[in-house]
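**Q** My structure is in structure_14.txt, and what it holds is compact mmCIF, C-alpha atoms and all ligand atoms:
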```txt
# COMPACT_ATOMS: atom_id res chain seq x y z
CA MET H 1 -38.74 -66.40 -46.98
CA THR H 2 -40.66 -65.07 -43.96
CA LEU H 3 -40.74 -61.50 -42.72
CA MET H 4 -40.46 -61.13 -38.94
CA PRO H 5 -43.48 -58.98 -38.01
CA ILE H 6 -41.78 -56.63 -35.57
CA LEU H 7 -38.10 -56.52 -36.53
CA GLN H 8 -39.09 -56.49 -40.23
CA ILE H 9 -36.17 -58.72 -41.21
CA ASP H 10 -36.44 -61.66 -43.53
CA THR H 11 -35.45 -65.23 -42.70
CA GLU H 12 -33.43 -65.10 -45.96
CA ASP H 13 -31.12 -62.52 -44.36
CA ALA H 14 -30.68 -64.38 -41.05
CA ALA H 15 -27.20 -65.33 -39.82
CA GLU H 16 -26.01 -67.85 -37.22
CA TYR H 17 -24.63 -65.06 -35.00
CA ALA H 18 -26.18 -61.84 -33.73
CA ILE H 19 -24.92 -58.99 -31.59
CA VAL H 20 -27.71 -57.19 -29.74
CA CYS H 21 -27.52 -53.85 -27.94
CA GLY H 22 -29.96 -51.33 -26.49
CA ASP H 23 -29.07 -48.29 -28.56
CA PRO H 24 -29.76 -48.12 -32.33
CA LYS H 25 -26.74 -45.78 -32.65
CA ARG H 26 -24.53 -48.44 -31.03
CA ALA H 27 -25.85 -50.96 -33.59
CA ALA H 28 -24.69 -48.60 -36.36
CA ARG H 29 -21.31 -48.21 -34.61
CA ILE H 30 -20.88 -52.01 -34.51
CA ALA H 31 -21.99 -52.38 -38.14
CA ALA H 32 -19.37 -49.81 -39.18
CA LYS H 33 -16.70 -52.35 -38.15
CA LEU H 34 -18.08 -55.05 -40.46
CA GLU H 35 -17.20 -55.87 -44.04
CA HIS H 36 -20.02 -55.68 -46.60
CA ALA H 37 -22.27 -54.04 -43.99
CA ARG H 38 -25.79 -53.08 -44.96
CA GLU H 39 -28.91 -52.03 -43.08
CA LEU H 40 -31.74 -54.55 -43.26
CA ALA H 41 -34.50 -52.76 -41.35
CA PHE H 42 -35.26 -49.98 -38.88
CA SER H 43 -38.58 -50.75 -37.27
CA ARG H 44 -39.56 -49.07 -33.95
CA GLU H 45 -36.42 -49.23 -31.74
CA TYR H 46 -35.13 -52.28 -33.60
CA ARG H 47 -32.43 -51.39 -36.12
CA THR H 48 -30.82 -54.35 -37.87
CA PHE H 49 -27.66 -54.54 -39.94
CA THR H 50 -25.83 -57.44 -41.50
CA GLY H 51 -22.17 -57.76 -42.44
CA GLU H 52 -19.12 -59.96 -42.00
CA ILE H 53 -16.28 -60.26 -39.52
CA ASP H 54 -13.38 -62.42 -40.71
CA GLY H 55 -15.72 -64.09 -43.20
CA VAL H 56 -18.41 -64.86 -40.59
CA ARG H 57 -21.75 -63.25 -41.42
CA ILE H 58 -23.59 -61.74 -38.47
CA LEU H 59 -26.62 -59.61 -37.66
CA VAL H 60 -26.51 -56.59 -35.37
CA THR H 61 -29.84 -55.49 -33.89
CA SER H 62 -30.80 -52.85 -31.33
CA HIS H 63 -33.40 -53.93 -28.76
CA GLY H 64 -34.23 -50.69 -26.91
CA VAL H 65 -34.49 -50.27 -23.13
CA GLY H 66 -36.23 -52.88 -20.95
CA SER H 67 -36.86 -56.60 -21.00
CA ALA H 68 -40.34 -56.78 -22.52
CA GLY H 69 -39.37 -55.04 -25.75
CA ALA H 70 -35.93 -56.65 -25.85
CA ALA H 71 -37.44 -60.14 -25.57
CA VAL H 72 -39.42 -59.50 -28.76
CA CYS H 73 -36.10 -58.83 -30.50
CA PHE H 74 -34.41 -61.96 -29.07
CA GLU H 75 -37.40 -64.14 -29.95
CA GLU H 76 -37.69 -62.91 -33.54
CA LEU H 77 -33.93 -63.19 -34.15
CA ILE H 78 -34.04 -66.82 -33.04
CA ARG H 79 -37.19 -67.49 -35.10
CA ALA H 80 -35.38 -66.01 -38.09
CA GLY H 81 -32.52 -68.51 -37.63
CA VAL H 82 -29.97 -66.95 -35.24
CA LYS H 83 -28.30 -69.57 -33.02
CA THR H 84 -25.87 -67.47 -30.94
CA LEU H 85 -26.67 -64.05 -29.45
CA ILE H 86 -24.26 -61.69 -27.68
CA ARG H 87 -25.51 -58.62 -25.83
CA VAL H 88 -23.17 -55.62 -25.84
CA GLY H 89 -24.58 -53.27 -23.22
CA THR H 90 -23.93 -50.73 -20.50
CA ALA H 91 -24.49 -51.25 -16.78
CA GLY H 92 -24.01 -49.70 -13.36
CA SER H 93 -21.27 -50.97 -11.04
CA TYR H 94 -21.60 -52.14 -7.42
CA SER H 95 -17.91 -51.91 -6.55
CA GLU H 96 -15.12 -49.35 -6.55
CA GLU H 97 -12.91 -52.19 -7.79
CA HIS H 98 -14.82 -51.90 -11.08
CA PRO H 99 -15.29 -48.21 -11.83
CA ALA H 100 -16.78 -46.67 -14.97
CA GLY H 101 -14.84 -47.94 -17.97
CA SER H 102 -14.50 -51.53 -16.67
CA LEU H 103 -16.02 -54.47 -18.56
CA ILE H 104 -18.13 -57.23 -17.00
CA VAL H 105 -18.96 -60.52 -18.73
CA SER H 106 -22.23 -61.85 -17.33
CA THR H 107 -22.12 -65.54 -16.39
CA ALA H 108 -25.74 -65.44 -15.15
CA ALA H 109 -28.34 -62.82 -14.30
CA VAL H 110 -30.60 -62.33 -11.29
CA ARG H 111 -34.19 -62.25 -12.63
CA ALA H 112 -35.33 -59.07 -10.90
CA GLU H 113 -37.57 -58.02 -13.78
CA GLY H 114 -41.15 -58.94 -14.66
CA LEU H 115 -40.90 -60.36 -18.16
CA THR H 116 -39.24 -63.68 -17.35
CA ARG H 117 -41.79 -64.31 -14.58
CA ALA H 118 -44.39 -64.41 -17.34
CA LEU H 119 -42.28 -66.93 -19.30
CA VAL H 120 -40.85 -69.45 -16.81
CA PRO H 121 -41.44 -70.56 -13.20
CA ASP H 122 -39.64 -69.16 -10.14
CA GLY H 123 -36.23 -70.74 -9.74
CA PHE H 124 -35.63 -71.12 -13.47
CA PRO H 125 -32.06 -69.91 -14.03
CA ALA H 126 -31.05 -67.08 -16.35
CA VAL H 127 -27.65 -68.41 -17.28
CA GLY H 128 -25.24 -67.66 -20.11
CA ASP H 129 -23.85 -70.33 -22.39
CA SER H 130 -20.41 -71.30 -21.07
CA ASP H 131 -18.75 -71.40 -24.53
CA VAL H 132 -20.05 -67.94 -25.39
CA VAL H 133 -19.16 -66.54 -21.94
CA ASN H 134 -15.62 -67.97 -22.10
CA ALA H 135 -15.05 -66.69 -25.64
CA LEU H 136 -16.26 -63.23 -24.58
CA TYR H 137 -14.05 -63.20 -21.49
CA ALA H 138 -10.94 -64.28 -23.42
CA SER H 139 -11.54 -61.69 -26.15
CA ALA H 140 -12.30 -58.95 -23.60
CA GLN H 141 -9.04 -59.63 -21.76
CA GLU H 142 -7.14 -59.05 -25.01
CA GLN H 143 -8.67 -55.57 -25.14
CA GLY H 144 -7.00 -54.46 -21.88
CA GLY H 145 -8.50 -52.50 -18.98
CA ILE H 146 -10.39 -54.03 -16.06
CA VAL H 147 -12.35 -57.14 -17.13
CA LYS H 148 -14.31 -59.38 -14.73
CA LYS H 149 -16.82 -62.15 -15.18
CA GLY H 150 -19.62 -62.92 -12.75
CA LEU H 151 -23.23 -62.25 -11.84
CA THR H 152 -25.30 -59.34 -13.10
CA VAL H 153 -28.84 -58.32 -12.15
CA SER H 154 -31.57 -57.30 -14.58
CA LEU H 155 -34.11 -54.78 -13.31
CA ASP H 156 -37.22 -53.19 -14.83
CA VAL H 157 -36.64 -49.97 -12.96
CA PHE H 158 -34.06 -47.39 -13.97
CA PHE H 159 -35.11 -44.30 -11.96
CA ALA H 160 -36.44 -45.50 -8.59
CA GLY H 161 -39.96 -44.70 -7.41
CA VAL H 162 -41.11 -45.00 -3.80
CA GLU H 163 -40.20 -48.70 -3.54
CA GLU H 164 -36.62 -49.40 -2.54
CA VAL H 165 -34.48 -51.26 -5.09
CA PRO H 166 -32.44 -53.78 -3.02
CA HIS H 167 -29.05 -52.74 -4.43
CA LYS H 168 -27.37 -53.38 -1.07
CA LYS H 169 -28.48 -57.03 -1.05
CA TYR H 170 -27.36 -57.66 -4.62
CA LYS H 171 -24.01 -56.09 -3.80
CA GLN H 172 -23.64 -58.27 -0.66
CA ALA H 173 -24.51 -61.31 -2.78
CA ALA H 174 -21.53 -60.57 -5.07
CA VAL H 175 -23.51 -59.22 -8.01
CA LEU H 176 -21.11 -57.14 -10.11
CA ALA H 177 -23.37 -54.98 -12.26
CA VAL H 178 -26.96 -53.90 -12.87
CA GLU H 179 -28.65 -53.48 -16.23
CA MET H 180 -32.04 -54.31 -17.72
CA GLU H 181 -32.09 -57.06 -20.39
CA ILE H 182 -29.59 -59.90 -19.79
CA ALA H 183 -32.03 -62.07 -17.78
CA ALA H 184 -34.56 -61.88 -20.61
CA LEU H 185 -31.85 -62.75 -23.15
CA TYR H 186 -30.64 -65.77 -21.18
CA VAL H 187 -34.14 -67.10 -20.50
CA VAL H 188 -35.43 -66.64 -24.06
CA ALA H 189 -32.25 -68.26 -25.44
CA SER H 190 -32.62 -71.25 -23.05
CA LEU H 191 -36.30 -71.67 -23.91
CA ARG H 192 -35.64 -71.64 -27.65
CA GLY H 193 -32.47 -73.74 -27.72
CA ALA H 194 -30.14 -70.89 -28.68
CA ARG H 195 -26.97 -69.90 -26.85
CA ALA H 196 -26.26 -66.45 -25.43
CA GLY H 197 -23.66 -64.38 -23.63
CA ALA H 198 -23.40 -60.76 -22.57
CA ILE H 199 -20.77 -58.14 -21.90
CA VAL H 200 -21.41 -54.72 -20.37
CA ALA H 201 -19.36 -51.54 -20.10
CA LEU H 202 -19.77 -49.93 -16.69
CA ASP H 203 -20.94 -46.33 -16.82
CA GLY H 204 -21.07 -45.39 -13.12
CA TYR H 205 -22.25 -46.68 -9.76
CA ALA H 206 -25.70 -48.26 -9.70
CA ASP H 207 -26.54 -47.57 -6.08
CA SER H 208 -25.93 -43.83 -6.25
CA ASP H 209 -28.69 -41.39 -7.16
CA LEU H 210 -28.85 -42.08 -10.87
CA ALA H 211 -31.05 -39.12 -11.57
CA ALA H 212 -28.31 -36.83 -10.31
CA THR H 213 -25.17 -38.60 -11.49
CA TYR H 214 -25.89 -40.81 -14.50
CA ASP H 215 -23.77 -39.83 -17.51
CA PRO H 216 -23.18 -42.61 -20.02
CA HIS H 217 -21.68 -40.15 -22.55
CA THR H 218 -18.14 -39.75 -21.16
CA ASN H 219 -14.94 -40.64 -23.02
CA VAL H 220 -14.24 -43.34 -20.44
CA VAL H 221 -17.53 -45.08 -21.26
CA ALA H 222 -17.08 -44.58 -25.01
CA ASP H 223 -13.64 -46.26 -24.77
CA ALA H 224 -15.10 -49.17 -22.81
CA VAL H 225 -17.92 -49.58 -25.34
CA GLU H 226 -15.28 -49.69 -28.10
CA ARG H 227 -13.42 -52.47 -26.22
CA GLU H 228 -16.59 -54.48 -25.58
CA ILE H 229 -17.62 -54.23 -29.24
CA ASN H 230 -14.19 -55.54 -30.25
CA ALA H 231 -14.51 -58.27 -27.62
CA ALA H 232 -17.90 -59.38 -28.96
CA LEU H 233 -16.64 -59.46 -32.55
CA GLY H 234 -13.53 -61.36 -31.40
CA ALA H 235 -15.70 -63.84 -29.50
CA ILE H 236 -17.75 -64.56 -32.62
CA VAL H 237 -14.60 -65.24 -34.63
CA ARG H 238 -13.34 -67.57 -31.85
CA LEU H 239 -16.65 -69.44 -31.66
CA ALA H 240 -16.88 -69.79 -35.44
CA LYS H 241 -13.32 -71.22 -35.52
CA GLN H 242 -14.21 -73.71 -32.73
CA GLU H 243 -17.08 -74.96 -34.87
CA ALA H 244 -15.15 -75.11 -38.17
O1 LIG U 301 -26.75 -49.63 -23.05
P1 LIG U 301 -27.87 -50.62 -23.14
O2 LIG U 301 -27.56 -51.76 -24.04
O3 LIG U 301 -29.18 -49.98 -23.55
O4 LIG U 301 -28.07 -51.18 -21.65
C1 LIG U 301 -28.40 -50.42 -20.51
O5 LIG U 301 -28.72 -49.06 -20.75
C2 LIG U 301 -30.14 -48.83 -20.69
C3 LIG U 301 -30.45 -47.85 -19.61
O6 LIG U 301 -29.87 -46.62 -19.89
C4 LIG U 301 -30.76 -50.18 -20.43
O7 LIG U 301 -31.18 -50.74 -21.65
C5 LIG U 301 -29.63 -50.94 -19.78
O8 LIG U 301 -29.72 -52.33 -19.81
O1 LIG U 302 -29.56 -50.17 -16.38
C1 LIG U 302 -28.54 -49.51 -16.15
C2 LIG U 302 -27.67 -49.14 -17.18
C3 LIG U 302 -26.56 -48.41 -16.88
N1 LIG U 302 -26.32 -48.04 -15.60
C4 LIG U 302 -27.16 -48.40 -14.61
O2 LIG U 302 -26.92 -48.08 -13.45
N2 LIG U 302 -28.25 -49.12 -14.89
```
When written as structure tokens, how does the structure in this file appear?
Ligand SMILES: O=P(O)(O)O[C@H]1O[C@H](CO)[C@@H](O)[C@H]1O
Ligand SMILES: O=c1cc[nH]c(=O)[nH]1

**A**
Amino acid sequence: MTLMPILQIDTEDAAEYAIVCGDPKRAARIAAKLEHARELAFSREYRTFTGEIDGVRILVTSHGVGSAGAAVCFEELIRAGVKTLIRVGTAGSYSEEHPAGSLIVSTAAVRAEGLTRALVPDGFPAVGDSDVVNALYASAQEQGGIVKKGLTVSLDVFFAGVEEVPHKKYKQAAVLAVEMEIAALYVVASLRGARAGAIVALDGYADSDLAATYDPHTNVVADAVEREINAALGAIVRLAKQEA
């Protein structure tokens, strides 16, 4: 029995699977879908629940906004005993083919944030586990709506300063969506021998003026978040069956 210093969860309560998300309220929303759900800890931005889906016990933990803090969450979950992590997030779109309300499964993430540079050398890939990515994609397709899989980019910046964020280049290079934590998740999971995947609900266009237009609280986004939560839970059930 060891208490994780930051998440404040005990190794005794660890599960093989964890869903991670930025928003503590989203963690509660996911936990509400579980059987035998209970809250384990709420420490800083990290709120952790446990419960079961189809007999598979999982953890659900919020990781806040940004890679540095999120990496603490990923690291401690893995130290506690989690082997498979799925991020259920929101992201901005680069294409009118995928408007707000679409779902993107991230196969790999461009490391355009600072945290992973402090962990691994340049050129180290931030790549999802293919079994987890495929399970997520199959489960997401069952949910309906627009679902794509492909590259995402993880940034540190949300509201731009005076430096230009190269959205145009990412878009030209076929990146589908921009968010802030998938690269950290994929790198930490690779370093620690865990497997990870990520799905994001698009909440608008990333290369528009976010300060003026960003509204992640529409019904369209709420519906997409509902579908991605169901997709993540479905993916865990699929993966658990593959291993049984
Ligand atoms: O909705 P979440 O999971 O927080 O993900 C996205 O939303 C936040 C920005 O509003 C960032 O954390 C970004 O990655
Ligand atoms: O990081 C994020 C999250 C949602 N939408 C964006 O454009 N960026």

**Q** Could the residues of chain H that have an atom at most 10 Å from ligand LIG 301 (chain U) be listed as JSON lines, each with its closest atom pair and the distance in Å to one decimal, counting all atoms listed in the file and ordered by chain and ascending residue number?

**A**
```
{"residue": "H:Val20", "atom": "CA", "partner": "U:LIG301", "partner_atom": "O2", "distance": 7.9}
{"residue": "H:Cys21", "atom": "CA", "partner": "U:LIG301", "partner_atom": "O2", "distance": 4.4}
{"residue": "H:Gly22", "atom": "CA", "partner": "U:LIG301", "partner_atom": "O3", "distance": 3.3}
{"residue": "H:Asp23", "atom": "CA", "partner": "U:LIG301", "partner_atom": "O3", "distance": 5.3}
{"residue": "H:Pro24", "atom": "CA", "partner": "U:LIG301", "partner_atom": "O3", "distance": 9.0}
{"residue": "H:Arg26", "atom": "CA", "partner": "U:LIG301", "partner_atom": "O2", "distance": 8.3}
{"residue": "H:Ala27", "atom": "CA", "partner": "U:LIG301", "partner_atom": "O2", "distance": 9.7}
{"residue": "H:Ser62", "atom": "CA", "partner": "U:LIG301", "partner_atom": "O2", "distance": 8.1}
{"residue": "H:His63", "atom": "CA", "partner": "U:LIG301", "partner_atom": "O3", "distance": 7.8}
{"residue": "H:Gly64", "atom": "CA", "partner": "U:LIG301", "partner_atom": "O7", "distance": 6.1}
{"residue": "H:Val65", "atom": "CA", "partner": "U:LIG301", "partner_atom": "O7", "distance": 3.7}
{"residue": "H:Gly66", "atom": "CA", "partner": "U:LIG301", "partner_atom": "O7", "distance": 5.5}
{"residue": "H:Ser67", "atom": "CA", "partner": "U:LIG301", "partner_atom": "O7", "distance": 8.2}
{"residue": "H:Ala70", "atom": "CA", "partner": "U:LIG301", "partner_atom": "O7", "distance": 8.7}
{"residue": "H:Arg87", "atom": "CA", "partner": "U:LIG301", "partner_atom": "O2", "distance": 7.4}
{"residue": "H:Val88", "atom": "CA", "partner": "U:LIG301", "partner_atom": "O2", "distance": 6.1}
{"residue": "H:Gly89", "atom": "CA", "partner": "U:LIG301", "partner_atom": "O2", "distance": 3.4}
{"residue": "H:Thr90", "atom": "CA", "partner": "U:LIG301", "partner_atom": "O1", "distance": 4.0}
{"residue": "H:Ala91", "atom": "CA", "partner": "U:LIG301", "partner_atom": "C1", "distance": 5.5}
{"residue": "H:Gly92", "atom": "CA", "partner": "U:LIG301", "partner_atom": "C1", "distance": 8.4}
{"residue": "H:Val153", "atom": "CA", "partner": "U:LIG301", "partner_atom": "O8", "distance": 9.8}
{"residue": "H:Ser154", "atom": "CA", "partner": "U:LIG301", "partner_atom": "O8", "distance": 7.4}
{"residue": "H:Leu155", "atom": "CA", "partner": "U:LIG301", "partner_atom": "O8", "distance": 8.2}
{"residue": "H:Asp156", "atom": "CA", "partner": "U:LIG301", "partner_atom": "O8", "distance": 9.0}
{"residue": "H:Val157", "atom": "CA", "partner": "U:LIG301", "partner_atom": "C3", "distance": 9.3}
{"residue": "H:Phe158", "atom": "CA", "partner": "U:LIG301", "partner_atom": "C3", "distance": 6.7}
{"residue": "H:Phe159", "atom": "CA", "partner": "U:LIG301", "partner_atom": "C3", "distance": 9.6}
{"residue": "H:Val178", "atom": "CA", "partner": "U:LIG301", "partner_atom": "O8", "distance": 7.6}
{"residue": "H:Glu179", "atom": "CA", "partner": "U:LIG301", "partner_atom": "O8", "distance": 3.9}
{"residue": "H:Met180", "atom": "CA", "partner": "U:LIG301", "partner_atom": "O8", "distance": 3.7}
{"residue": "H:Glu181", "atom": "CA", "partner": "U:LIG301", "partner_atom": "O8", "distance": 5.3}
{"residue": "H:Ile182", "atom": "CA", "partner": "U:LIG301", "partner_atom": "O8", "distance": 7.6}
{"residue": "H:Ile199", "atom": "CA", "partner": "U:LIG301", "partner_atom": "O2", "distance": 9.6}
{"residue": "H:Val200", "atom": "CA", "partner": "U:LIG301", "partner_atom": "O4", "distance": 7.7}
{"residue": "H:Ala201", "atom": "CA", "partner": "U:LIG301", "partner_atom": "O1", "distance": 8.2}
{"residue": "H:Leu202", "atom": "CA", "partner": "U:LIG301", "partner_atom": "O1", "distance": 9.4}
{"residue": "H:Asp203", "atom": "CA", "partner": "U:LIG301", "partner_atom": "O5", "distance": 9.1}
{"residue": "H:Tyr214", "atom": "CA", "partner": "U:LIG301", "partner_atom": "O6", "distance": 8.9}
{"residue": "H:Asp215", "atom": "CA", "partner": "U:LIG301", "partner_atom": "O6", "distance": 9.4}
{"residue": "H:Pro216", "atom": "CA", "partner": "U:LIG301", "partner_atom": "O6", "distance": 7.8}
{"residue": "H:Val225", "atom": "CA", "partner": "U:LIG301", "partner_atom": "O1", "distance": 9.1}
```

**Q** Within 9 Å of (-11.7, -63.8, -21.5), in the coordinates the file gives, what residues turn up when you count only C-alpha atoms, written out as a PDB file with C-alpha atoms, keeping the file's coordinate frame?

**A**
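Wrote point_23.pdb, looks like this:
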```pdb
ATOM      1  CA  VAL H 105     -18.960 -60.520 -18.730  1.00  0.00           C
ATOM      2  CA  VAL H 133     -19.160 -66.540 -21.940  1.00  0.00           C
ATOM      3  CA  ASN H 134     -15.620 -67.970 -22.100  1.00  0.00           C
ATOM      4  CA  ALA H 135     -15.050 -66.690 -25.640  1.00  0.00           C
ATOM      5  CA  LEU H 136     -16.260 -63.230 -24.580  1.00  0.00           C
ATOM      6  CA  TYR H 137     -14.050 -63.200 -21.490  1.00  0.00           C
ATOM      7  CA  ALA H 138     -10.940 -64.280 -23.420  1.00  0.00           C
ATOM      8  CA  SER H 139     -11.540 -61.690 -26.150  1.00  0.00           C
ATOM      9  CA  ALA H 140     -12.300 -58.950 -23.600  1.00  0.00           C
ATOM     10  CA  GLN H 141      -9.040 -59.630 -21.760  1.00  0.00           C
ATOM     11  CA  GLU H 142      -7.140 -59.050 -25.010  1.00  0.00           C
ATOM     12  CA  VAL H 147     -12.350 -57.140 -17.130  1.00  0.00           C
ATOM     13  CA  LYS H 148     -14.310 -59.380 -14.730  1.00  0.00           C
ATOM     14  CA  LYS H 149     -16.820 -62.150 -15.180  1.00  0.00           C
ATOM     15  CA  ALA H 231     -14.510 -58.270 -27.620  1.00  0.00           C
ATOM     16  CA  ALA H 235     -15.700 -63.840 -29.500  1.00  0.00           C
TER      17      ALA H 235
END
```

**Q** So, counting only C-alpha atoms and all ligand atoms, which residue among H:Leu176, H:Ala194, H:Val188, H:Met1 is closest to ligand LIG 302 (chain U)?

**A** H:Leu176

**Q** Write out as JSON an axis-aligned box for ligand LIG 302 (chain U): all of its atoms listed in the file, 6 Å added on each side, centre and edge lengths in Å with one decimal.

**A**
```
{"center_x": -27.9, "center_y": -49.1, "center_z": -15.3, "size_x": 15.2, "size_y": 14.1, "size_z": 15.7}
```

**Q** What residues have an atom no more than 12 Å from (-23.3, -53.2, -44.4) in the file's own frame, counting only C-alpha atoms, and can you write them as a PyMOL selection string?

**A** chain H and resi 27-41+48-53+57-60

**Q** Between atom CA of H:Leu85 and atom CA of H:Gly193, what is the distance in Å, rounded to a tenth?

**A**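 Separation of atom CA of H:Leu85 and atom CA of H:Gly193: 11.4 Å.
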
**Q** Select, from H:Leu7, H:Ala232, H:Ala14, H:Ala183, the residue with the minimum atom-to-atom distance to H:Ala109, counting only C-alpha atoms.

**A** H:Ala183
